[in-house]
Structure formats: C-alpha cells, structure tokens
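Next comes protein21.cif, a file with mmCIF, C-alpha atoms and all ligand atoms.
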```cif
data_final
#
loop_
_atom_site.label_atom_id
_atom_site.label_comp_id
_atom_site.auth_asym_id
_atom_site.auth_seq_id
_atom_site.Cartn_x
_atom_site.Cartn_y
_atom_site.Cartn_z
CA MET A 5 58.36 -54.44 46.23
CA ARG A 6 58.69 -54.79 42.46
CA GLY A 7 60.86 -52.69 40.21
CA MET A 8 64.55 -52.17 39.79
CA PRO A 9 66.91 -52.35 42.75
CA MET A 10 68.08 -49.08 44.22
CA LYS A 11 71.67 -48.62 43.10
CA ILE A 12 73.98 -46.58 45.30
CA LYS A 13 77.38 -45.88 43.83
CA VAL A 14 80.34 -45.65 46.16
CA ASP A 15 82.42 -43.58 43.80
CA PHE A 16 85.99 -42.65 44.70
CA GLY A 17 86.70 -41.29 41.25
CA ASN A 18 88.72 -44.41 40.46
CA ARG A 19 86.99 -47.28 38.71
CA ASP A 20 89.18 -49.91 40.33
CA ILE A 21 87.98 -49.15 43.83
CA SER A 22 84.46 -47.79 43.18
CA TYR A 23 81.55 -50.15 43.62
CA ASN A 24 77.78 -50.38 43.66
CA ILE A 25 75.47 -51.27 46.50
CA GLU A 26 72.21 -52.66 45.15
CA ILE A 27 69.28 -52.73 47.54
CA LYS A 28 65.93 -54.41 47.06
CA SER A 29 63.75 -56.92 48.84
CA TYR A 30 64.04 -60.38 47.23
CA LEU A 31 67.24 -59.30 45.44
CA LEU A 32 68.77 -62.63 46.52
CA ASP A 33 66.88 -64.33 43.67
CA SER A 34 68.55 -62.16 41.01
CA ILE A 35 72.17 -62.06 42.21
CA GLY A 36 73.22 -64.86 39.82
CA LYS A 37 71.92 -63.06 36.77
CA ILE A 38 73.33 -59.67 37.75
CA LEU A 39 76.80 -61.16 38.32
CA GLN A 40 76.67 -63.10 35.06
CA LYS A 41 76.51 -59.80 33.18
CA LYS A 42 79.56 -58.47 35.02
CA ARG A 43 82.26 -61.08 35.10
CA ASN A 44 82.85 -64.68 34.37
CA TYR A 45 84.23 -66.02 37.64
CA SER A 46 86.04 -69.37 37.54
CA LYS A 47 84.30 -70.22 40.82
CA ILE A 48 82.34 -68.49 43.54
CA VAL A 49 83.02 -69.53 47.11
CA ILE A 50 80.28 -68.76 49.61
CA LEU A 51 81.32 -68.36 53.24
CA THR A 52 78.50 -68.64 55.76
CA ASN A 53 77.74 -69.97 59.24
CA GLU A 54 75.61 -72.70 60.76
CA ILE A 55 72.75 -70.30 61.56
CA VAL A 56 72.48 -68.57 58.18
CA PHE A 57 73.18 -71.67 56.06
CA PRO A 58 69.81 -73.42 56.60
CA LEU A 59 67.93 -70.11 56.27
CA TRP A 60 69.33 -68.48 53.13
CA TYR A 61 72.00 -70.58 51.43
CA LYS A 62 69.60 -72.57 49.24
CA LYS A 63 68.14 -69.44 47.65
CA LEU A 64 71.55 -67.91 46.93
CA ASN A 65 72.88 -71.19 45.59
CA LEU A 66 69.89 -71.56 43.29
CA SER A 67 70.18 -68.00 42.04
CA LEU A 68 73.89 -68.46 41.25
CA SER A 69 73.76 -71.97 39.81
CA ASN A 70 70.77 -71.18 37.60
CA ALA A 71 72.90 -68.46 36.06
CA GLY A 72 75.66 -70.99 35.40
CA HIS A 73 78.12 -70.09 38.17
CA LYS A 74 80.27 -72.82 39.75
CA ILE A 75 79.89 -72.78 43.52
CA GLU A 76 81.77 -73.97 46.59
CA VAL A 77 80.47 -73.43 50.09
CA ILE A 78 82.26 -73.21 53.44
CA VAL A 79 80.15 -73.31 56.60
CA ILE A 80 81.71 -72.32 59.93
CA PRO A 81 80.27 -72.18 63.48
CA ASP A 82 78.42 -69.06 64.62
CA GLY A 83 80.00 -66.32 66.74
CA GLU A 84 82.58 -63.55 67.10
CA LYS A 85 85.08 -66.22 68.24
CA GLN A 86 85.42 -67.28 64.61
CA LYS A 87 86.98 -63.95 63.64
CA CYS A 88 90.38 -65.45 64.48
CA ILE A 89 93.59 -66.51 62.81
CA LYS A 90 92.82 -70.22 63.34
CA THR A 91 89.52 -70.09 61.43
CA TYR A 92 91.20 -67.84 58.85
CA ASN A 93 93.77 -70.59 58.23
CA GLN A 94 91.17 -73.35 58.09
CA ILE A 95 89.16 -71.48 55.47
CA ILE A 96 92.24 -70.79 53.36
CA SER A 97 93.09 -74.53 53.49
CA GLN A 98 89.60 -75.36 52.26
CA MET A 99 89.82 -72.74 49.48
CA LEU A 100 93.10 -74.25 48.26
CA LYS A 101 91.51 -77.69 48.29
CA ASP A 102 88.54 -76.31 46.33
CA LYS A 103 90.94 -74.83 43.77
CA ILE A 104 89.82 -71.26 44.28
CA ASP A 105 92.05 -69.16 42.02
CA ARG A 106 92.66 -65.49 41.21
CA TYR A 107 89.65 -65.43 38.90
CA SER A 108 87.29 -66.61 41.63
CA ALA A 109 85.14 -64.49 43.93
CA LEU A 110 84.20 -64.86 47.59
CA ILE A 111 80.73 -64.10 48.92
CA PRO A 112 80.36 -63.71 52.68
CA LEU A 113 76.71 -64.60 53.35
CA GLY A 114 76.13 -63.48 56.92
CA GLY A 115 76.33 -60.72 59.50
CA GLY A 116 79.31 -58.55 60.39
CA VAL A 117 81.36 -61.48 61.68
CA ILE A 118 81.18 -63.40 58.39
CA GLY A 119 81.56 -60.12 56.46
CA ASP A 120 84.71 -59.05 58.33
CA LEU A 121 86.30 -62.50 58.25
CA GLY A 122 85.30 -63.28 54.67
CA GLY A 123 86.35 -59.83 53.58
CA TYR A 124 89.76 -60.15 55.20
CA ILE A 125 90.23 -63.52 53.50
CA ALA A 126 89.18 -62.14 50.08
CA SER A 127 91.57 -59.23 50.52
CA THR A 128 94.57 -61.44 51.33
CA TYR A 129 94.02 -64.73 49.44
CA MET A 130 96.39 -64.63 46.46
CA ARG A 131 96.85 -60.90 47.22
CA GLY A 132 93.16 -60.27 46.75
CA ILE A 133 90.22 -61.82 44.93
CA ASP A 134 86.83 -60.24 44.23
CA LEU A 135 84.69 -59.73 47.31
CA ILE A 136 80.91 -59.65 46.95
CA HIS A 137 79.04 -58.86 50.15
CA VAL A 138 75.61 -60.33 50.82
CA PRO A 139 74.93 -58.92 54.32
CA THR A 140 72.25 -60.69 56.37
CA THR A 141 71.93 -58.65 59.59
CA LEU A 142 70.77 -55.06 59.97
CA VAL A 143 74.23 -54.19 61.35
CA ALA A 144 75.88 -55.70 58.29
CA GLN A 145 73.46 -54.11 55.80
CA ILE A 146 73.75 -50.55 57.10
CA ASP A 147 77.20 -50.59 58.63
CA SER A 148 79.83 -53.30 58.20
CA SER A 149 79.33 -54.07 54.49
CA ILE A 150 79.97 -50.41 53.63
CA GLY A 151 83.29 -48.66 53.85
CA GLY A 152 85.85 -51.36 53.16
CA LYS A 153 87.05 -51.89 56.73
CA LEU A 154 87.86 -55.55 57.38
CA ALA A 155 89.40 -57.28 60.34
CA ILE A 156 89.86 -60.33 62.47
CA ASP A 157 90.52 -60.39 66.22
CA HIS A 158 93.63 -61.19 68.26
CA PRO A 159 93.20 -62.72 71.75
CA GLN A 160 94.38 -59.39 73.20
CA ALA A 161 92.45 -56.99 70.99
CA LYS A 162 89.38 -56.92 68.79
CA ASN A 163 89.68 -56.00 65.09
CA ILE A 164 93.45 -55.56 65.40
CA ILE A 165 94.48 -57.51 62.29
CA GLY A 166 92.90 -55.96 59.23
CA ASN A 167 92.95 -53.64 56.30
CA PHE A 168 90.92 -51.54 53.87
CA TYR A 169 89.62 -53.42 50.85
CA ASN A 170 86.61 -52.40 48.83
CA PRO A 171 84.18 -55.02 47.61
CA ALA A 172 83.47 -55.49 43.91
CA GLN A 173 79.77 -55.29 44.72
CA VAL A 174 77.30 -55.34 47.61
CA PHE A 175 73.89 -57.01 47.33
CA THR A 176 71.56 -55.94 50.10
CA ASP A 177 68.22 -57.72 50.43
CA PRO A 178 66.18 -56.31 53.36
CA ASN A 179 63.86 -59.34 53.13
CA ILE A 180 66.71 -61.44 54.59
CA LEU A 181 66.22 -59.54 57.85
CA SER A 182 62.86 -61.28 58.33
CA THR A 183 64.55 -64.22 60.09
CA LEU A 184 66.64 -62.09 62.43
CA ASN A 185 65.73 -62.36 66.12
CA ASP A 186 64.64 -59.29 68.04
CA ARG A 187 67.89 -58.87 69.94
CA GLU A 188 69.97 -58.77 66.77
CA PHE A 189 67.44 -56.59 65.00
CA ARG A 190 67.55 -54.05 67.83
CA CYS A 191 71.35 -54.09 67.72
CA GLY A 192 71.12 -52.83 64.17
CA LEU A 193 68.46 -50.34 65.10
CA PHE A 194 70.78 -48.65 67.61
CA GLU A 195 73.32 -48.24 64.78
CA ALA A 196 70.58 -46.87 62.50
CA ILE A 197 69.64 -44.29 65.13
CA LYS A 198 73.33 -43.44 65.50
CA ILE A 199 73.75 -42.88 61.75
CA ALA A 200 70.63 -40.70 61.73
CA LEU A 201 71.68 -38.62 64.74
CA VAL A 202 75.11 -37.77 63.35
CA SER A 203 74.16 -37.25 59.74
CA SER A 204 70.55 -36.49 58.96
CA GLN A 205 67.73 -34.72 60.72
CA LYS A 206 65.41 -36.07 58.00
CA LEU A 207 66.37 -39.70 58.57
CA TYR A 208 66.00 -39.23 62.31
CA ALA A 209 62.49 -37.85 61.77
CA PHE A 210 61.64 -40.84 59.56
CA ILE A 211 62.78 -43.25 62.29
CA THR A 212 60.76 -41.55 65.03
CA GLU A 213 57.62 -41.21 62.87
CA ASN A 214 57.72 -44.85 61.80
CA PHE A 215 59.13 -46.41 64.93
CA ASP A 216 56.28 -48.88 65.52
CA SER A 217 56.31 -50.03 61.89
CA ILE A 218 60.07 -50.48 62.14
CA LEU A 219 59.72 -52.62 65.27
CA ASN A 220 56.97 -54.61 63.51
CA ARG A 221 59.32 -54.96 60.53
CA LYS A 222 56.90 -53.65 57.96
CA LYS A 223 58.64 -54.54 54.70
CA ARG A 224 58.26 -51.22 52.88
CA ILE A 225 59.47 -49.26 55.92
CA ILE A 226 62.45 -51.55 56.55
CA GLN A 227 63.50 -51.25 52.90
CA LYS A 228 63.43 -47.45 53.21
CA LEU A 229 65.26 -47.51 56.54
CA VAL A 230 68.04 -49.69 55.12
CA THR A 231 68.30 -47.64 51.91
CA ASP A 232 68.45 -44.30 53.72
CA CYS A 233 70.99 -45.49 56.29
CA VAL A 234 73.19 -46.91 53.51
CA GLN A 235 72.98 -43.63 51.64
CA GLU A 236 74.07 -41.66 54.72
CA LYS A 237 76.91 -44.01 55.58
CA VAL A 238 78.14 -43.95 51.96
CA MET A 239 78.20 -40.17 52.05
CA ILE A 240 80.34 -40.17 55.20
CA VAL A 241 82.68 -42.88 53.89
CA LYS A 242 83.19 -41.10 50.57
CA GLN A 243 84.46 -38.03 52.43
CA ASP A 244 86.94 -40.12 54.40
CA PRO A 245 87.75 -43.46 52.72
CA PHE A 246 90.63 -44.31 55.09
CA ASP A 247 88.99 -43.38 58.37
CA GLN A 248 91.21 -40.41 59.21
CA ASN A 249 88.76 -37.68 60.19
CA ARG A 250 85.11 -37.36 59.10
CA ARG A 251 84.28 -41.01 59.81
CA MET A 252 84.97 -40.33 63.48
CA ILE A 253 81.37 -39.12 63.79
CA LEU A 254 80.26 -42.74 63.37
CA ASN A 255 81.84 -43.32 66.77
CA PHE A 256 78.91 -41.50 68.36
CA GLY A 257 77.91 -43.59 71.41
CA HIS A 258 80.91 -45.86 70.92
CA THR A 259 83.49 -44.32 73.29
CA PHE A 260 81.40 -45.16 76.34
CA GLY A 261 79.85 -48.16 74.53
CA HIS A 262 83.16 -49.92 73.97
CA ALA A 263 84.20 -49.28 77.58
CA LEU A 264 80.92 -50.82 78.76
CA GLU A 265 81.49 -53.87 76.59
CA THR A 266 84.97 -54.28 78.06
CA ALA A 267 83.64 -53.87 81.61
CA SER A 268 80.95 -56.49 81.03
CA ASN A 269 83.46 -58.77 79.34
CA TYR A 270 81.54 -58.66 76.02
CA ARG A 271 78.92 -60.99 77.45
CA LYS A 272 76.16 -59.41 79.47
CA ILE A 273 75.63 -56.46 77.21
CA SER A 274 75.32 -56.55 73.41
CA HIS A 275 77.23 -54.10 71.24
CA GLY A 276 74.02 -52.36 70.16
CA GLU A 277 72.81 -52.02 73.73
CA ALA A 278 76.21 -50.62 74.80
CA VAL A 279 76.03 -48.06 71.99
CA GLY A 280 72.51 -47.16 73.17
CA TRP A 281 73.89 -46.34 76.64
CA GLY A 282 76.79 -44.54 75.00
CA MET A 283 74.41 -42.31 73.05
CA LEU A 284 72.47 -41.47 76.23
CA LEU A 285 75.70 -40.53 77.98
CA ALA A 286 76.82 -38.41 75.01
CA LEU A 287 73.49 -36.55 75.12
CA HIS A 288 73.98 -35.81 78.84
CA ILE A 289 77.54 -34.59 78.26
CA SER A 290 76.33 -32.41 75.37
CA ASP A 291 73.71 -30.95 77.69
CA ILE A 292 76.18 -30.34 80.54
CA LEU A 293 78.55 -28.57 78.12
CA LYS A 294 75.59 -26.47 76.97
CA ILE A 295 75.82 -27.33 73.30
CA PHE A 296 72.56 -29.30 73.37
CA ASP A 297 69.25 -28.87 75.14
CA LEU A 298 68.22 -32.19 76.64
CA GLN A 299 64.94 -30.82 77.95
CA LYS A 300 63.88 -29.74 74.48
CA ASN A 301 64.99 -33.06 72.99
CA ARG A 302 63.45 -35.28 75.62
CA ASN A 303 61.85 -37.47 72.88
CA MET A 304 65.22 -38.40 71.47
CA TYR A 305 66.38 -39.52 74.90
CA VAL A 306 63.20 -41.48 75.62
CA LEU A 307 63.30 -43.25 72.26
CA ILE A 308 66.76 -44.68 72.99
CA ARG A 309 66.05 -45.27 76.69
CA ASN A 310 62.94 -47.34 75.91
CA MET A 311 64.90 -49.62 73.61
CA LEU A 312 67.31 -50.62 76.37
CA ASN A 313 66.66 -53.95 78.08
CA ILE A 314 68.87 -53.48 81.11
CA ARG A 315 67.14 -50.93 83.32
CA ASP A 316 70.16 -49.25 84.86
CA LEU A 317 73.93 -49.32 85.10
CA LYS A 318 74.14 -49.23 88.92
CA LYS A 319 76.64 -52.08 89.15
CA LEU A 320 79.09 -50.14 87.07
CA ASP A 321 82.31 -48.65 88.42
CA PRO A 322 82.64 -45.22 86.70
CA GLU A 323 86.30 -44.92 87.73
CA GLN A 324 87.12 -48.16 85.97
CA ILE A 325 85.11 -47.14 82.89
CA TRP A 326 86.92 -43.78 82.77
CA LYS A 327 90.28 -45.59 82.81
CA THR A 328 89.17 -47.76 79.90
CA ILE A 329 87.96 -44.70 77.99
CA LEU A 330 91.40 -43.13 78.31
CA LEU A 331 92.75 -46.09 76.32
CA ASP A 332 90.50 -45.04 73.42
CA LYS A 333 92.26 -43.91 70.22
CA LYS A 334 90.77 -40.44 70.55
CA ALA A 335 91.94 -39.77 74.15
CA ARG A 336 94.78 -37.34 74.77
CA ASP A 337 96.54 -35.96 77.91
CA GLY A 338 94.20 -37.53 80.44
CA ASN A 339 91.10 -36.12 78.75
CA ALA A 340 88.75 -38.13 76.62
CA ARG A 341 87.34 -36.96 73.33
CA PHE A 342 83.71 -37.70 72.62
CA ILE A 343 81.46 -37.27 69.63
CA LEU A 344 78.69 -35.03 70.97
CA LEU A 345 75.55 -33.60 69.46
CA LYS A 346 74.34 -30.05 68.85
CA LYS A 347 71.14 -31.36 67.33
CA ALA A 348 70.05 -34.25 65.09
CA GLY A 349 72.39 -34.24 62.11
CA LYS A 350 74.97 -31.92 63.74
CA PRO A 351 77.73 -33.79 65.58
CA VAL A 352 80.89 -32.28 67.10
CA MET A 353 84.01 -33.82 68.61
CA GLN A 354 84.98 -32.32 71.96
CA VAL A 355 87.39 -32.83 74.79
CA VAL A 356 85.61 -34.07 77.92
CA SER A 357 87.10 -33.87 81.41
CA LYS A 358 86.77 -36.55 84.05
CA ARG A 359 84.56 -34.23 86.10
CA THR A 360 82.06 -33.74 83.26
CA PHE A 361 82.08 -37.45 82.54
CA MET A 362 81.34 -38.32 86.19
CA LYS A 363 78.53 -35.79 86.31
CA ALA A 364 76.98 -37.24 83.13
CA VAL A 365 77.27 -40.83 84.40
CA SER A 366 75.43 -39.90 87.59
CA ARG A 367 72.53 -38.63 85.45
CA ILE A 368 71.86 -41.69 83.30
N1 LIG B 401 83.84 -53.58 59.20
C1 LIG B 401 83.07 -52.67 59.78
O1 LIG B 401 83.06 -51.50 59.37
C2 LIG B 401 82.21 -53.10 60.91
C3 LIG B 401 81.19 -52.25 61.36
C4 LIG B 401 80.34 -52.71 62.39
C5 LIG B 401 80.55 -53.98 62.93
N2 LIG B 401 81.56 -54.78 62.47
C6 LIG B 401 81.77 -56.12 63.01
O2 LIG B 401 80.59 -56.88 62.80
C7 LIG B 401 80.43 -57.84 63.83
C8 LIG B 401 79.02 -57.73 64.36
O3 LIG B 401 78.12 -57.97 63.30
P1 LIG B 401 76.63 -58.47 63.55
O4 LIG B 401 75.99 -57.62 64.56
O5 LIG B 401 76.01 -58.64 62.22
O6 LIG B 401 76.87 -59.88 64.27
P2 LIG B 401 76.90 -61.40 63.73
O7 LIG B 401 77.58 -61.49 62.44
O8 LIG B 401 77.45 -62.21 64.86
O9 LIG B 401 75.36 -61.74 63.56
C9 LIG B 401 74.51 -61.71 64.66
C10 LIG B 401 73.76 -63.04 64.82
O10 LIG B 401 72.73 -63.13 63.84
C11 LIG B 401 72.84 -64.35 63.13
N3 LIG B 401 72.30 -64.08 61.80
C12 LIG B 401 72.89 -63.43 60.78
N4 LIG B 401 72.02 -63.23 59.77
C13 LIG B 401 70.85 -63.77 60.16
C14 LIG B 401 69.57 -63.86 59.56
N5 LIG B 401 69.30 -63.30 58.38
N6 LIG B 401 68.58 -64.50 60.25
C15 LIG B 401 68.84 -65.01 61.48
N7 LIG B 401 70.01 -64.94 62.10
C16 LIG B 401 71.01 -64.33 61.45
C17 LIG B 401 74.29 -64.69 63.20
O11 LIG B 401 74.51 -66.05 62.96
C18 LIG B 401 74.62 -64.27 64.62
O12 LIG B 401 74.21 -65.26 65.54
C19 LIG B 401 81.50 -57.54 64.86
O13 LIG B 401 82.54 -58.47 64.71
C20 LIG B 401 81.99 -56.14 64.51
O14 LIG B 401 83.34 -55.94 64.84
C21 LIG B 401 82.38 -54.36 61.47
ZN ZN B 402 78.88 -50.11 66.40
#
```
As a first step, turn the structure in this file into structure tokens.
Ligand SMILES: NC(=O)c1ccc[n+]([C@@H]2O[C@H](COP(=O)([O-])OP(=O)(O)OC[C@H]3O[C@@H](n4cnc5c(N)ncnc54)[C@H](O)[C@@H]3O)[C@@H](O)[C@H]2O)c1
Ligand SMILES: [Zn+2]
Amino acid sequence: MRGMPMKIKVDFGNRDISYNIEIKSYLLDSIGKILQKKRNYSKIVILTNEIVFPLWYKKLNLSLSNAGHKIEVIVIPDGEKQKCIKTYNQIISQMLKDKIDRYSALIPLGGGVIGDLGGYIASTYMRGIDLIHVPTTLVAQIDSSIGGKLAIDHPQAKNIIGNFYNPAQVFTDPNILSTLNDREFRCGLFEAIKIALVSSQKLYAFITENFDSILNRKKRIIQKLVTDCVQEKVMIVKQDPFDQNRRMILNFGHTFGHALETASNYRKISHGEAVGWGMLLALHISDILKIFDLQKNRNMYVLIRNMLNIRDLKKLDPEQIWKTILLDKKARDGNARFILLKKAGKPVMQVVSKRTFMKAVSRI
C-alpha cells in the first residue's frame, strides 16, 4: 500500500470550485503535511462524533499538529438526529468561542451525517470557510463526500435545509473502514453496487469477481473498490454539478428504497438495505417492461438478494408504499418515474404505472 495517493480531480473548469480527492490507505498520517503545502489556515476545527473520536481522532490530530496546524475539536453524539438546526447552532456557538475565523478550515471526520452537517456549517459560517472532508464510512467515501450536496434535516423532512458547496479537498483513507461494523459496511456496499450498475459494466464485474474478498475487507481490494466507485461518481457529478438531470441515475433503487424507509419509520430497515430492495424491485420492473432480461441476469439478482438480512417484505402494504412513491420528486400525473436498467452500466428513466408496480412487488 505504498506509493503516492491516487488523485482524482473534480474539475469544473473553474479553479475556485474544482477540487482533488486523494485516496490511499494510511493517508490519514500525511494529511497535515499535504495541507501545509496548500494553505496556511489560522485554525483547523475538526468535527466528529463520540464513536469516531476514540477510533481515529488521535491519528488525525497528530498528523495535523506535527505539521504545525492549530487545532480545535468538537465532538457531538452519534446519529442522524444530530443533523438538525439545534446541533447546528450549538456547533456555531462553539466555533465562535474557539475564534474560528474566515481563514480557518473545517474538517468533518465521520460518516455521511458528520459530512453533511459539517459541510453545511462550513458553507454557511461567515458565508463559507474551507471544507476538507475526511470520510470514515464506505457511504461517505464513495457517495456523500463527493458532489457538493450538503444538508441538515427538518422534523418534517430529511435533507430539506441545504445547499451545494464544494470542498477544498477530500482525503479518503480506505484503511479507516477497518473499524466499521458489518451493518454499516454493507450499507456502503449496496451503494457501491448501485454506482456500478448504473455506470460501469467493468466495475460491476470487479465487484462480482471479488465479492468474497470485499466482504472479508481485503485491503488491496477495498482500496480499488473505493477508488473505482469514486471515479465513477465523479464522472456522473461532473456532467451534472447541480443535480438537474444526469445525476438522477444515482437514484437507482432509491424510489422504492425511500418509500420503504418511510414505511418502516427509518428504524427497522437501514438505508442500504432499503436501496437493496429498491434495486431488486427496479430489476423486476425492467423485466416486466421488457427492457431487461432477469432470467439471463439471475446472478445480479442473487448477489443483491443474498446481501439482504430481512428475508421478505410480506408485512408491507403496497398501496401505502405506492402513495408514498407518488410524493417522490420524479412522480408526475399519478405515475411514478423509476430509474431502470437495460444492462449493467446502462440505466434509463421510465414512467411506471401502478399496475406494473404492483406486479413487480408481488414478484420480490
Ligand atoms: N450529501 C450526499 O450527497 C449524501 C449522499 C449519501 C448519504 N448522505 C447522508 O449521509 C448520511 C448517512 O451516512 P452514513 O451511512 O455514513 O451514516 P453515519 O454517518 O451515521 O455513519 C454510520 C455509523 O458508523 C459510525 N462510524 C463512522 N465511521 C466509522 C468508522 N470508521 N468506524 C466505526 N464506526 C464508524 C457512525 O458513528 C455511525 O454510527 C445520511 O444522513 C444521508 O442523508 C448524503
Ligand atoms: Zn443512498
């Protein structure tokens, strides 16, 4: 795992908003030095949570302080609940107390929750200070730290208060994933499969061929998985920086997935697991509409199916789920719109009727 980090440039043709994602195992140890060459920050504030703090803060702190950076740290409780206006305010109060100024930077050290919250704070504090992502979950490394979407939740709606704000830099260290529990790791794996299915036949083949090594978290394989997923997501984001068209394909599995999460009240089923069911449903719909041959692609179906913990969705009320789906941004005139698949790497968006949906639900 020696050598230079892989550098992926997210280039929008404008230096002010372009940034690099550096990926390498054990990169955490070199972040201080790399940043020292870039900018002289008055202070760096690290935002993390009670789970990640004892695992990874010491290493990051050492790396930064050895390179002469001045550090403040803010540790908040774990959980999605923290992506709220109250915690937002508390953190801003602490930053004012710590004399964080316009020449400071904020590093969210954590998963998507810390990344979204920390990112939203960095984008609004004093009208924006430098944001440097250090993502610590698979979801955050391949998904939420890329693309500049940031948000906090409102009691009535998730991710409803937010904006687009690109980081100054992303440091992705796949070795950090070694402490992630299986449930969270699998959550990220569903998103990795999703990225592969909508964007790259080659990446999908890599995942299937190395599936056991991925589950066993073989370091070399995980580094490649993370790097390839980041590369694919960057390509999609570059084509659609403000999420107006092309990025829609990343919603594969999410139309049904989000409705499942709502139906289970965000508790019984994890986001990744819901997306897994959503991908299965999308494959059935694609098959029913004759754009995809499920029989021929049985392996794809089985791969996702075997990763799901809950054995079936019998308790579900399809009528209720359909109603929720119609609230989706993509729905129009009583029909839902789904991202479907022609084959690995070839997604399409299509209108889906209630009848087709019901037929597909009865098959999963
Ligand atoms: N902005 C985007 O484009 C985007 C994309 C996808 C998801 N999200 C958001 O991300 C959030 C989900 O992110 P997530 O799945 O990373 O959840 P998370 O941030 O809650 O992390 C999952 C769990 O893993 C723990 N954890 C984090 N890093 C760890 C490590 N290295 N070792 C051990 N435990 C660790 C966390 O404390 C938490 O308990 C949601 O709020 C979602 O809305 C945003
Ligand atoms: Zn998702």
Which one of A:Asp20, A:Asp291, A:Asp157, A:Asp102 sits closest to Tyr124 (chain A) if you count all atoms listed in the file?
->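 Answer, going by the shortest atom-to-atom distance: A:Asp157.
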List all protein, DNA and RNA residues that have at least one atom no more than 7 Å from any atom of ligand ZN 402 (chain B), counting all atoms listed in the file, and write them as a compact mmCIF listing (two decimals) with C-alpha atoms, keeping the file's coordinate frame.
```
# COMPACT_ATOMS: atom_id res chain seq x y z
CA GLU A 195 73.32 -48.24 64.78
CA HIS A 258 80.91 -45.86 70.92
CA HIS A 275 77.23 -54.10 71.24
CA GLY A 276 74.02 -52.36 70.16
CA VAL A 279 76.03 -48.06 71.99
```
Name each residue within 8 Å of ligand LIG 401 (chain B), counting all atoms listed in the file, as an MDAnalysis selection string.
-> chainID A and resid 53:56 59:60 82:84 87 114:120 139:144 147:156 162:163 180:185 188 191:192 275:276
Pick from A:Lys198, A:Lys319, A:Lys41, A:Lys90: nearest to Leu121 (chain A), with only C-alpha atoms counted?
->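 When distances to Leu121 (chain A) are compared using only C-alpha atoms, the smallest one comes from A:Lys90.
Atom pair CA of Ile273 (chain A) / CA of Ala161 (chain A): separated by 17.9 Å.
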Which is closer to Ile308 (chain A) than all the others in A:Lys85, A:Lys206, A:Arg190, A:Lys42, using only C-alpha atoms?
-> A:Arg190
Can you list, as number ranges by chain, every protein, DNA or RNA residue that comes within 10 Å of Pro245 (chain A) when you count all atoms listed in the file, leaving out same-chain residues fewer than 3 positions away?
-> A: 16, 151-153, 168, 170, 238, 240-242, 248-251
note - CA of Ile314 (chain A) and CA of His262 (chain A) are separated by 16.4 Å
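Our summary of the geometry notes that CA of Ser67 (chain A) is positioned 5.2 Å from CA of Asp33 (chain A).
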